[in-house]
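start33.txt follows (compact mmCIF, C-alpha atoms):
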```txt
# COMPACT_ATOMS: atom_id res chain seq x y z
CA ASP A 417 0.00 0.00 0.00
CA GLN A 418 1.72 3.12 -1.27
CA GLN A 419 0.93 5.92 1.17
CA VAL A 420 2.96 8.48 -0.76
CA LYS A 421 2.43 8.55 -4.50
CA GLN A 422 4.22 10.28 -7.31
CA ASN A 423 2.03 9.47 -10.28
CA SER A 424 4.28 10.97 -12.94
CA PRO A 425 7.35 8.79 -13.44
CA SER A 426 8.93 11.38 -15.71
CA LEU A 427 8.69 15.02 -16.70
CA SER A 428 10.48 17.08 -19.34
CA VAL A 429 10.72 20.86 -19.09
CA GLN A 430 12.41 23.49 -21.19
CA GLU A 431 15.31 25.30 -19.55
CA GLY A 432 14.18 28.55 -17.97
CA ARG A 433 10.59 27.40 -17.55
CA ILE A 434 8.85 26.27 -14.39
CA SER A 435 9.05 22.62 -13.32
CA ILE A 436 6.18 21.36 -11.19
CA LEU A 437 6.52 17.99 -9.48
CA ASN A 438 3.52 16.54 -7.72
CA CYS A 439 3.02 14.20 -4.80
CA ASP A 440 -0.13 12.81 -3.21
CA TYR A 441 -0.48 11.10 0.13
CA THR A 442 -3.20 9.08 1.79
CA ASN A 443 -2.43 9.35 5.50
CA SER A 444 -3.84 12.55 6.97
CA MET A 445 -1.65 12.08 10.04
CA PHE A 446 1.54 12.91 8.13
CA ASP A 447 2.82 16.15 9.59
CA TYR A 448 6.14 16.82 7.89
CA PHE A 449 7.05 16.55 4.23
CA LEU A 450 10.40 16.59 2.44
CA TRP A 451 11.74 16.62 -1.08
CA TYR A 452 14.95 14.89 -2.03
CA LYS A 453 16.89 15.05 -5.27
CA LYS A 454 18.90 12.13 -6.61
CA TYR A 455 21.56 12.02 -9.29
CA PRO A 456 22.60 8.68 -10.86
CA ALA A 457 25.01 6.62 -8.76
CA GLU A 458 24.59 8.98 -5.78
CA GLY A 459 22.43 8.94 -2.69
CA PRO A 460 19.40 11.22 -2.38
CA THR A 461 20.17 14.72 -1.10
CA PHE A 462 17.75 16.82 0.88
CA LEU A 463 16.23 19.74 -0.98
CA ILE A 464 13.42 21.38 0.96
CA SER A 465 10.79 20.55 3.57
CA ILE A 466 7.48 21.81 4.90
CA SER A 467 5.60 21.34 8.11
CA SER A 468 1.89 20.59 8.05
CA ILE A 469 1.18 23.87 9.83
CA LYS A 470 2.35 25.75 6.74
CA ASP A 471 1.11 25.80 3.18
CA LYS A 472 4.22 27.16 1.50
CA ASN A 473 7.96 27.13 1.98
CA GLU A 474 10.44 28.80 -0.31
CA ASP A 475 14.19 28.42 -0.70
CA GLY A 476 15.72 30.20 -3.64
CA ARG A 477 14.44 28.68 -6.87
CA PHE A 478 12.56 25.96 -4.98
CA THR A 479 9.11 26.32 -3.46
CA VAL A 480 7.03 23.59 -1.89
CA PHE A 481 3.27 23.95 -1.59
CA LEU A 482 1.10 21.87 0.70
CA ASN A 483 -2.65 21.42 0.30
CA LYS A 484 -3.76 19.42 3.31
CA SER A 485 -7.40 19.16 2.31
CA ALA A 486 -6.39 17.58 -0.98
CA LYS A 487 -3.51 15.63 0.60
CA HIS A 488 -1.29 17.00 -2.09
CA LEU A 489 2.07 18.69 -2.23
CA SER A 490 4.05 20.06 -5.09
CA LEU A 491 7.57 21.26 -5.73
CA HIS A 492 8.07 24.22 -8.03
CA ILE A 493 11.46 24.97 -9.57
CA VAL A 494 11.78 28.38 -11.21
CA PRO A 495 13.65 28.89 -13.43
CA SER A 496 14.61 25.33 -14.33
CA GLN A 497 18.28 24.72 -15.07
CA PRO A 498 20.08 21.78 -16.73
CA GLY A 499 21.59 20.83 -13.37
CA ASP A 500 18.09 20.24 -12.04
CA SER A 501 17.82 17.09 -14.18
CA ALA A 502 17.55 14.34 -11.59
CA VAL A 503 15.05 12.04 -9.89
CA TYR A 504 12.96 13.80 -7.25
CA PHE A 505 11.45 11.96 -4.31
CA CYS A 506 8.85 13.29 -1.96
CA ALA A 507 8.69 11.87 1.55
CA ALA A 508 6.35 12.18 4.50
CA ASN A 509 6.77 11.76 8.23
CA LEU A 510 4.37 10.92 11.06
CA GLY A 511 6.24 12.82 13.73
CA ASN A 512 8.69 10.01 14.33
CA GLU A 513 11.84 9.22 12.41
CA LYS A 514 10.25 7.03 9.74
CA LEU A 515 10.16 8.65 6.33
CA THR A 516 7.76 7.19 3.77
CA PHE A 517 8.97 7.90 0.25
CA GLY A 518 7.23 8.05 -3.10
CA THR A 519 8.56 6.20 -6.12
CA GLY A 520 10.17 9.28 -7.64
CA THR A 521 9.78 11.48 -10.72
CA ARG A 522 12.58 11.77 -13.25
CA LEU A 523 12.93 15.41 -14.30
CA THR A 524 14.73 16.22 -17.52
CA ILE A 525 15.55 19.84 -18.33
CA ILE A 526 15.85 20.42 -22.05
CA PRO A 527 18.46 23.06 -22.99
CA ASP B 160 33.02 15.53 7.27
CA ALA B 161 33.16 12.78 4.65
CA GLY B 162 29.44 12.16 4.83
CA VAL B 163 27.85 8.75 5.16
CA ILE B 164 30.22 6.07 3.89
CA GLN B 165 28.99 2.78 2.46
CA SER B 166 30.89 -0.25 1.27
CA PRO B 167 31.06 -1.96 -1.06
CA ARG B 168 29.63 0.32 -3.75
CA HIS B 169 28.81 -2.63 -5.96
CA GLU B 170 28.27 -6.27 -5.11
CA VAL B 171 27.57 -9.14 -7.44
CA THR B 172 26.90 -12.50 -5.85
CA GLU B 173 25.21 -15.78 -6.54
CA MET B 174 21.94 -16.89 -5.09
CA GLY B 175 22.39 -18.52 -1.70
CA GLN B 176 25.49 -16.59 -0.76
CA GLU B 177 25.75 -14.34 2.27
CA VAL B 178 25.97 -10.61 1.59
CA THR B 179 27.15 -8.01 4.10
CA LEU B 180 26.71 -4.31 3.48
CA ARG B 181 28.52 -1.78 5.64
CA CYS B 182 27.85 1.76 6.73
CA LYS B 183 29.69 4.47 8.63
CA PRO B 184 27.31 7.28 9.64
CA ILE B 185 28.21 10.94 10.02
CA SER B 186 29.98 11.48 13.32
CA GLY B 187 27.62 12.73 16.00
CA HIS B 188 24.47 11.54 14.32
CA ASP B 189 22.44 9.33 16.60
CA TYR B 190 19.96 7.96 14.09
CA LEU B 191 20.92 5.46 11.42
CA PHE B 192 18.61 4.17 8.69
CA TRP B 193 18.80 1.40 6.09
CA TYR B 194 16.72 1.90 2.95
CA ARG B 195 16.26 -0.18 -0.18
CA GLN B 196 15.45 1.27 -3.57
CA THR B 197 13.68 -0.70 -6.28
CA MET B 198 11.92 0.45 -9.43
CA MET B 199 8.57 -0.87 -8.28
CA ARG B 200 8.53 0.31 -4.69
CA GLY B 201 10.88 3.29 -4.65
CA LEU B 202 12.72 3.91 -1.39
CA GLU B 203 11.60 1.65 1.45
CA LEU B 204 12.77 1.93 5.03
CA LEU B 205 14.07 -1.42 6.24
CA ILE B 206 15.19 -0.58 9.78
CA TYR B 207 16.41 2.31 11.86
CA PHE B 208 18.51 2.67 14.97
CA ASN B 209 18.70 5.33 17.67
CA ASN B 210 21.86 5.41 19.76
CA ASN B 211 22.82 2.00 18.35
CA VAL B 212 19.52 0.40 19.41
CA PRO B 213 17.12 -0.92 16.74
CA ILE B 214 13.88 1.04 17.04
CA ASP B 215 11.79 -0.19 14.14
CA ASP B 216 12.58 -3.18 11.95
CA SER B 217 9.08 -3.59 10.53
CA GLY B 218 10.38 -2.94 7.03
CA MET B 219 12.82 -5.85 7.05
CA PRO B 220 11.37 -8.14 4.41
CA GLU B 221 12.03 -11.48 6.06
CA ASP B 222 14.28 -13.39 8.41
CA ARG B 223 17.00 -13.59 5.80
CA PHE B 224 17.71 -9.93 6.53
CA SER B 225 19.44 -8.78 9.70
CA ALA B 226 21.05 -5.51 10.77
CA LYS B 227 23.40 -4.63 13.58
CA MET B 228 24.94 -1.49 14.98
CA PRO B 229 27.72 -2.54 17.37
CA ASN B 230 28.85 1.06 17.94
CA ALA B 231 28.03 4.62 16.97
CA SER B 232 30.26 4.59 13.92
CA PHE B 233 29.41 1.30 12.23
CA SER B 234 26.42 -0.68 11.04
CA THR B 235 25.93 -3.76 8.89
CA LEU B 236 23.03 -5.13 6.89
CA LYS B 237 23.32 -8.82 6.19
CA ILE B 238 21.34 -10.98 3.80
CA GLN B 239 21.69 -14.71 4.28
CA PRO B 240 20.93 -16.51 2.03
CA SER B 241 20.60 -13.99 -0.78
CA GLU B 242 17.99 -14.35 -3.55
CA PRO B 243 17.67 -12.68 -6.97
CA ARG B 244 14.71 -10.60 -5.74
CA ASP B 245 17.05 -8.93 -3.24
CA SER B 246 18.75 -7.16 -6.14
CA ALA B 247 18.38 -3.44 -5.45
CA VAL B 248 20.30 -0.39 -4.30
CA TYR B 249 20.70 -0.28 -0.55
CA PHE B 250 21.18 3.08 1.11
CA CYS B 251 22.33 3.96 4.57
CA ALA B 252 21.38 7.34 6.03
CA SER B 253 22.04 9.14 9.30
CA SER B 254 20.60 12.13 11.10
CA LEU B 255 20.29 14.04 14.35
CA GLY B 256 16.54 13.39 14.28
CA VAL B 257 14.14 14.69 11.65
CA LEU B 258 13.19 17.78 13.66
CA ALA B 259 16.86 18.75 13.75
CA GLY B 260 17.41 18.10 10.06
CA ALA B 261 16.66 15.69 7.27
CA PRO B 262 18.64 12.46 7.00
CA PHE B 263 21.85 12.44 4.98
CA PHE B 264 22.16 9.51 2.61
CA GLY B 265 25.24 7.58 1.62
CA PRO B 266 26.03 6.78 -2.02
CA GLY B 267 24.40 3.36 -1.82
CA THR B 268 25.43 -0.22 -2.52
CA ARG B 269 24.16 -1.67 -5.77
CA LEU B 270 23.51 -5.36 -5.17
CA LEU B 271 22.98 -7.89 -7.92
CA VAL B 272 22.11 -11.44 -6.97
CA LEU B 273 22.40 -13.88 -9.85
```
Would you encode the structure as structure tokens?
Amino acid sequence: DQQVKQNSPSLSVQEGRISILNCDYTNSMFDYFLWYKKYPAEGPTFLISISSIKDKNEDGRFTVFLNKSAKHLSLHIVPSQPGDSAVYFCAANLGNEKLTFGTGTRLTIIP
Amino acid sequence: DAGVIQSPRHEVTEMGQEVTLRCKPISGHDYLFWYRQTMMRGLELLIYFNNNVPIDDSGMPEDRFSAKMPNASFSTLKIQPSEPRDSAVYFCASSLGVLAGAPFFGPGTRLLVL
């Protein structure tokens, strides 16, 4: 039972445009959400997070939006750069140390 | 800091053999996690430790899998006997606790069981 879902396995975006990666979850008790970025042959690296008491968190070109009523979060990257090409994982936490990850979305930035 | 260190980076073995994966967490981190990545299921948490004590091993697939953390700077994940369906990338991660910061992942061990 996949509690965190990333329904788009891949996404291609033109350089300079906005990339929007989506994530849905089923457990309304999740209270902390994270995005990780993964390059080939490397481990995932933390990108940005958001607490359930917020609906938006911004860090430079990266913004995460949380819609609790829809159980949906999204990561916006503006403007997209070639170095953003990677696999992006969303993850959710129940207030303990267990992170539940989605299956990932492969983002390709087209120069 | 060198980050989370995992060895070996690649492992190819035959079905039935014992496999041992190793991890050195970031110094000072008191949480250590073992994850497995597959195409079908993404990143799954297998087990995590706090101060060298296993806290939750509910993600360990079956008795063939075992994990130990004999001290704060070393952990192992053992598969005995290995099976082809164990082929995956295994990641170790460490943290100070999620409220203090997200876990840092190692580079992973790519395991292929023939």
Inset, instruction - Name the closest residue to chain A among the candidates B:Arg181, B:Arg168, B:Lys237, B:Lys227; distances are taken between atoms, counting all atoms listed in the file. - result: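 Looking only at the distances to chain A, the closest residue turns out to be B:Arg168.
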Please tabulate, as a tab-separated table, the residues of region 166-238 of chain B that come within 12 Å of region 457-465 of chain A, each with its closest pair of atoms and the distance in Å to one decimal, counting all atoms listed in the file and ordering rows by chain, then residue number upward.
```
residue	atom	partner	partner_atom	distance
B:Arg168	CA	A:Ala457	CA	9.3
B:His169	CA	A:Ala457	CA	10.4
B:Tyr194	CA	A:Gly459	CA	10.7
B:Arg195	CA	A:Gly459	CA	11.3
B:Gln196	CA	A:Gly459	CA	10.4
B:Gly201	CA	A:Pro460	CA	11.9
B:Leu202	CA	A:Pro460	CA	10.0
```
Distance cut-off 12 Å, centre (10.4, 16.4, 3.7) in file coordinates, counting only C-alpha atoms: which residues qualify? Return them as a PDB file with C-alpha atoms, keeping the file's coordinate frame.
```
ATOM      1  CA  VAL A 420       2.960   8.480  -0.760  1.00  0.00           C
ATOM      2  CA  CYS A 439       3.020  14.200  -4.800  1.00  0.00           C
ATOM      3  CA  PHE A 446       1.540  12.910   8.130  1.00  0.00           C
ATOM      4  CA  ASP A 447       2.820  16.150   9.590  1.00  0.00           C
ATOM      5  CA  TYR A 448       6.140  16.820   7.890  1.00  0.00           C
ATOM      6  CA  PHE A 449       7.050  16.550   4.230  1.00  0.00           C
ATOM      7  CA  LEU A 450      10.400  16.590   2.440  1.00  0.00           C
ATOM      8  CA  TRP A 451      11.740  16.620  -1.080  1.00  0.00           C
ATOM      9  CA  TYR A 452      14.950  14.890  -2.030  1.00  0.00           C
ATOM     10  CA  LYS A 453      16.890  15.050  -5.270  1.00  0.00           C
ATOM     11  CA  THR A 461      20.170  14.720  -1.100  1.00  0.00           C
ATOM     12  CA  PHE A 462      17.750  16.820   0.880  1.00  0.00           C
ATOM     13  CA  LEU A 463      16.230  19.740  -0.980  1.00  0.00           C
ATOM     14  CA  ILE A 464      13.420  21.380   0.960  1.00  0.00           C
ATOM     15  CA  SER A 465      10.790  20.550   3.570  1.00  0.00           C
ATOM     16  CA  ILE A 466       7.480  21.810   4.900  1.00  0.00           C
ATOM     17  CA  SER A 467       5.600  21.340   8.110  1.00  0.00           C
ATOM     18  CA  SER A 468       1.890  20.590   8.050  1.00  0.00           C
ATOM     19  CA  ASN A 473       7.960  27.130   1.980  1.00  0.00           C
ATOM     20  CA  VAL A 480       7.030  23.590  -1.890  1.00  0.00           C
ATOM     21  CA  PHE A 481       3.270  23.950  -1.590  1.00  0.00           C
ATOM     22  CA  LEU A 482       1.100  21.870   0.700  1.00  0.00           C
ATOM     23  CA  LEU A 489       2.070  18.690  -2.230  1.00  0.00           C
ATOM     24  CA  SER A 490       4.050  20.060  -5.090  1.00  0.00           C
ATOM     25  CA  LEU A 491       7.570  21.260  -5.730  1.00  0.00           C
ATOM     26  CA  TYR A 504      12.960  13.800  -7.250  1.00  0.00           C
ATOM     27  CA  PHE A 505      11.450  11.960  -4.310  1.00  0.00           C
ATOM     28  CA  CYS A 506       8.850  13.290  -1.960  1.00  0.00           C
ATOM     29  CA  ALA A 507       8.690  11.870   1.550  1.00  0.00           C
ATOM     30  CA  ALA A 508       6.350  12.180   4.500  1.00  0.00           C
ATOM     31  CA  ASN A 509       6.770  11.760   8.230  1.00  0.00           C
ATOM     32  CA  LEU A 510       4.370  10.920  11.060  1.00  0.00           C
ATOM     33  CA  GLY A 511       6.240  12.820  13.730  1.00  0.00           C
ATOM     34  CA  GLU A 513      11.840   9.220  12.410  1.00  0.00           C
ATOM     35  CA  LYS A 514      10.250   7.030   9.740  1.00  0.00           C
ATOM     36  CA  LEU A 515      10.160   8.650   6.330  1.00  0.00           C
ATOM     37  CA  THR A 516       7.760   7.190   3.770  1.00  0.00           C
ATOM     38  CA  PHE A 517       8.970   7.900   0.250  1.00  0.00           C
ATOM     39  CA  GLY A 518       7.230   8.050  -3.100  1.00  0.00           C
TER      40      GLY A 518
ATOM     41  CA  VAL B 257      14.140  14.690  11.650  1.00  0.00           C
ATOM     42  CA  LEU B 258      13.190  17.780  13.660  1.00  0.00           C
ATOM     43  CA  GLY B 260      17.410  18.100  10.060  1.00  0.00           C
ATOM     44  CA  ALA B 261      16.660  15.690   7.270  1.00  0.00           C
ATOM     45  CA  PRO B 262      18.640  12.460   7.000  1.00  0.00           C
TER      46      PRO B 262
END
```
Legend entry - Nearby residues (only C-alpha atoms) at most 6 Å from Val503 (chain A), same-chain spacing under 5 positions excluded, as a list in words: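 The contact residues come out as Lys453, Lys454, Thr521, Arg522 and Leu523 of chain A.
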Legend entry - Å distance separating CA of Gln165 (chain B) from CA of Pro266 (chain B), one decimal place: 6.7 Å
Legend entry - Coordinates-based distance that separates CA of Ile185 (chain B) from CA of Ile206 (chain B) (Å, one decimal): 17.4 Å
With 12 Å as the threshold, what does the neighbourhood of (28.3, 8.1, 6.0) contain in terms of residues, counting all atoms listed in the file? Coordinates are those of the file; answer as a PDB file with C-alpha atoms, in the coordinates of the input.
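Saved file selection36.pdb follows:
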```pdb
ATOM      1  CA  GLY A 459      22.430   8.940  -2.690  1.00  0.00           C
TER       2      GLY A 459
ATOM      3  CA  ASP B 160      33.020  15.530   7.270  1.00  0.00           C
ATOM      4  CA  ALA B 161      33.160  12.780   4.650  1.00  0.00           C
ATOM      5  CA  GLY B 162      29.440  12.160   4.830  1.00  0.00           C
ATOM      6  CA  VAL B 163      27.850   8.750   5.160  1.00  0.00           C
ATOM      7  CA  ILE B 164      30.220   6.070   3.890  1.00  0.00           C
ATOM      8  CA  GLN B 165      28.990   2.780   2.460  1.00  0.00           C
ATOM      9  CA  SER B 166      30.890  -0.250   1.270  1.00  0.00           C
ATOM     10  CA  ARG B 181      28.520  -1.780   5.640  1.00  0.00           C
ATOM     11  CA  CYS B 182      27.850   1.760   6.730  1.00  0.00           C
ATOM     12  CA  LYS B 183      29.690   4.470   8.630  1.00  0.00           C
ATOM     13  CA  PRO B 184      27.310   7.280   9.640  1.00  0.00           C
ATOM     14  CA  ILE B 185      28.210  10.940  10.020  1.00  0.00           C
ATOM     15  CA  SER B 186      29.980  11.480  13.320  1.00  0.00           C
ATOM     16  CA  GLY B 187      27.620  12.730  16.000  1.00  0.00           C
ATOM     17  CA  HIS B 188      24.470  11.540  14.320  1.00  0.00           C
ATOM     18  CA  TYR B 190      19.960   7.960  14.090  1.00  0.00           C
ATOM     19  CA  LEU B 191      20.920   5.460  11.420  1.00  0.00           C
ATOM     20  CA  PHE B 192      18.610   4.170   8.690  1.00  0.00           C
ATOM     21  CA  TRP B 193      18.800   1.400   6.090  1.00  0.00           C
ATOM     22  CA  ALA B 231      28.030   4.620  16.970  1.00  0.00           C
ATOM     23  CA  SER B 232      30.260   4.590  13.920  1.00  0.00           C
ATOM     24  CA  PHE B 233      29.410   1.300  12.230  1.00  0.00           C
ATOM     25  CA  SER B 234      26.420  -0.680  11.040  1.00  0.00           C
ATOM     26  CA  PHE B 250      21.180   3.080   1.110  1.00  0.00           C
ATOM     27  CA  CYS B 251      22.330   3.960   4.570  1.00  0.00           C
ATOM     28  CA  ALA B 252      21.380   7.340   6.030  1.00  0.00           C
ATOM     29  CA  SER B 253      22.040   9.140   9.300  1.00  0.00           C
ATOM     30  CA  SER B 254      20.600  12.130  11.100  1.00  0.00           C
ATOM     31  CA  PRO B 262      18.640  12.460   7.000  1.00  0.00           C
ATOM     32  CA  PHE B 263      21.850  12.440   4.980  1.00  0.00           C
ATOM     33  CA  PHE B 264      22.160   9.510   2.610  1.00  0.00           C
ATOM     34  CA  GLY B 265      25.240   7.580   1.620  1.00  0.00           C
ATOM     35  CA  PRO B 266      26.030   6.780  -2.020  1.00  0.00           C
ATOM     36  CA  GLY B 267      24.400   3.360  -1.820  1.00  0.00           C
TER      37      GLY B 267
END
```
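The space between CA of Arg223 (chain B) and CA of Val248 (chain B) spans 16.9 Å.
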Would you give the centre and edge lengths, in Å to one decimal, of a box along x, y and z around the listed atoms of region 466-482 of chain A, with 6 Å added to each side, as lines of an AutoDock Vina configuration file?
```
center_x = 8.4
center_y = 25.4
center_z = 1.5
size_x = 26.6
size_y = 21.6
size_z = 28.7
```
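In terms of minimum interatomic distance to chain B, A:Pro456 ranks closest within A:Lys472, A:Ser496, A:Pro456, A:Ser435, counting all atoms listed in the file.
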Legend entry - For Gly476 (chain A), the nearest of the candidates A:Pro495, A:Tyr455, A:Pro527, A:His488, counting only C-alpha atoms: A:Pro495
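Nearest to chain B of all the residues A:Thr524, A:Asn512, A:Gln497, A:Gln430 is A:Asn512, counting only C-alpha atoms.
Closest approach to Val494 (chain A) among A:Asp440, A:Thr519, A:Ile526, A:Glu431: A:Glu431, based on all atoms listed in the file.
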Could you please fill out region 481-491 of chain A with all heavy atoms and send it back as a compact mmCIF listing (two decimals), in the coordinates of the input?
```txt
# COMPACT_ATOMS: atom_id res chain seq x y z
N PHE A 481 4.63 23.59 -1.97
CA PHE A 481 3.27 23.95 -1.59
C PHE A 481 2.58 22.73 -1.00
O PHE A 481 2.72 21.62 -1.52
CB PHE A 481 2.48 24.42 -2.82
CG PHE A 481 2.98 25.69 -3.43
CD1 PHE A 481 3.92 25.66 -4.45
CD2 PHE A 481 2.52 26.93 -3.00
CE1 PHE A 481 4.40 26.83 -5.03
CE2 PHE A 481 2.99 28.10 -3.56
CZ PHE A 481 3.92 28.05 -4.58
N LEU A 482 1.83 22.96 0.06
CA LEU A 482 1.10 21.87 0.70
C LEU A 482 -0.39 22.20 0.75
O LEU A 482 -0.78 23.27 1.25
CB LEU A 482 1.62 21.64 2.12
CG LEU A 482 0.90 20.59 2.96
CD1 LEU A 482 0.99 19.21 2.32
CD2 LEU A 482 1.46 20.57 4.38
N ASN A 483 -1.20 21.29 0.24
CA ASN A 483 -2.65 21.42 0.30
C ASN A 483 -3.18 20.25 1.13
O ASN A 483 -3.35 19.14 0.63
CB ASN A 483 -3.24 21.39 -1.12
CG ASN A 483 -4.75 21.57 -1.14
OD1 ASN A 483 -5.43 21.25 -0.17
ND2 ASN A 483 -5.26 22.08 -2.23
N LYS A 484 -3.39 20.50 2.40
CA LYS A 484 -3.76 19.42 3.31
C LYS A 484 -5.12 18.84 2.99
O LYS A 484 -5.35 17.64 3.13
CB LYS A 484 -3.71 19.90 4.76
CG LYS A 484 -2.29 20.12 5.26
CD LYS A 484 -2.27 20.43 6.75
CE LYS A 484 -2.84 21.78 7.08
NZ LYS A 484 -2.02 22.88 6.54
N SER A 485 -6.05 19.67 2.59
CA SER A 485 -7.40 19.16 2.31
C SER A 485 -7.39 18.20 1.13
O SER A 485 -8.15 17.23 1.09
CB SER A 485 -8.37 20.32 2.06
OG SER A 485 -7.95 21.07 0.94
N ALA A 486 -6.49 18.46 0.18
CA ALA A 486 -6.39 17.58 -0.98
C ALA A 486 -5.35 16.50 -0.78
O ALA A 486 -5.19 15.63 -1.66
CB ALA A 486 -6.05 18.40 -2.23
N LYS A 487 -4.63 16.56 0.33
CA LYS A 487 -3.51 15.63 0.60
C LYS A 487 -2.54 15.64 -0.59
O LYS A 487 -2.22 14.58 -1.18
CB LYS A 487 -4.02 14.21 0.87
CG LYS A 487 -4.88 14.08 2.13
CD LYS A 487 -5.06 12.61 2.49
CE LYS A 487 -6.02 12.43 3.63
NZ LYS A 487 -7.42 12.74 3.28
N HIS A 488 -2.10 16.81 -0.91
CA HIS A 488 -1.29 17.00 -2.09
C HIS A 488 -0.18 18.01 -1.80
O HIS A 488 -0.42 19.03 -1.15
CB HIS A 488 -2.16 17.52 -3.24
CG HIS A 488 -1.40 17.81 -4.50
ND1 HIS A 488 -1.08 16.83 -5.41
CD2 HIS A 488 -0.90 18.97 -4.98
CE1 HIS A 488 -0.40 17.38 -6.41
NE2 HIS A 488 -0.29 18.68 -6.18
N LEU A 489 1.02 17.68 -2.27
CA LEU A 489 2.07 18.69 -2.23
C LEU A 489 2.77 18.75 -3.57
O LEU A 489 2.70 17.79 -4.35
CB LEU A 489 3.07 18.46 -1.09
CG LEU A 489 4.02 17.29 -1.09
CD1 LEU A 489 5.24 17.61 -0.22
CD2 LEU A 489 3.34 16.05 -0.52
N SER A 490 3.36 19.88 -3.82
CA SER A 490 4.05 20.06 -5.09
C SER A 490 5.35 20.83 -4.86
O SER A 490 5.47 21.61 -3.91
CB SER A 490 3.16 20.80 -6.10
OG SER A 490 2.80 22.08 -5.63
N LEU A 491 6.28 20.57 -5.74
CA LEU A 491 7.57 21.26 -5.73
C LEU A 491 7.67 22.06 -7.02
O LEU A 491 7.52 21.50 -8.12
CB LEU A 491 8.71 20.25 -5.65
CG LEU A 491 10.13 20.81 -5.77
CD1 LEU A 491 10.47 21.66 -4.55
CD2 LEU A 491 11.16 19.70 -5.95
```
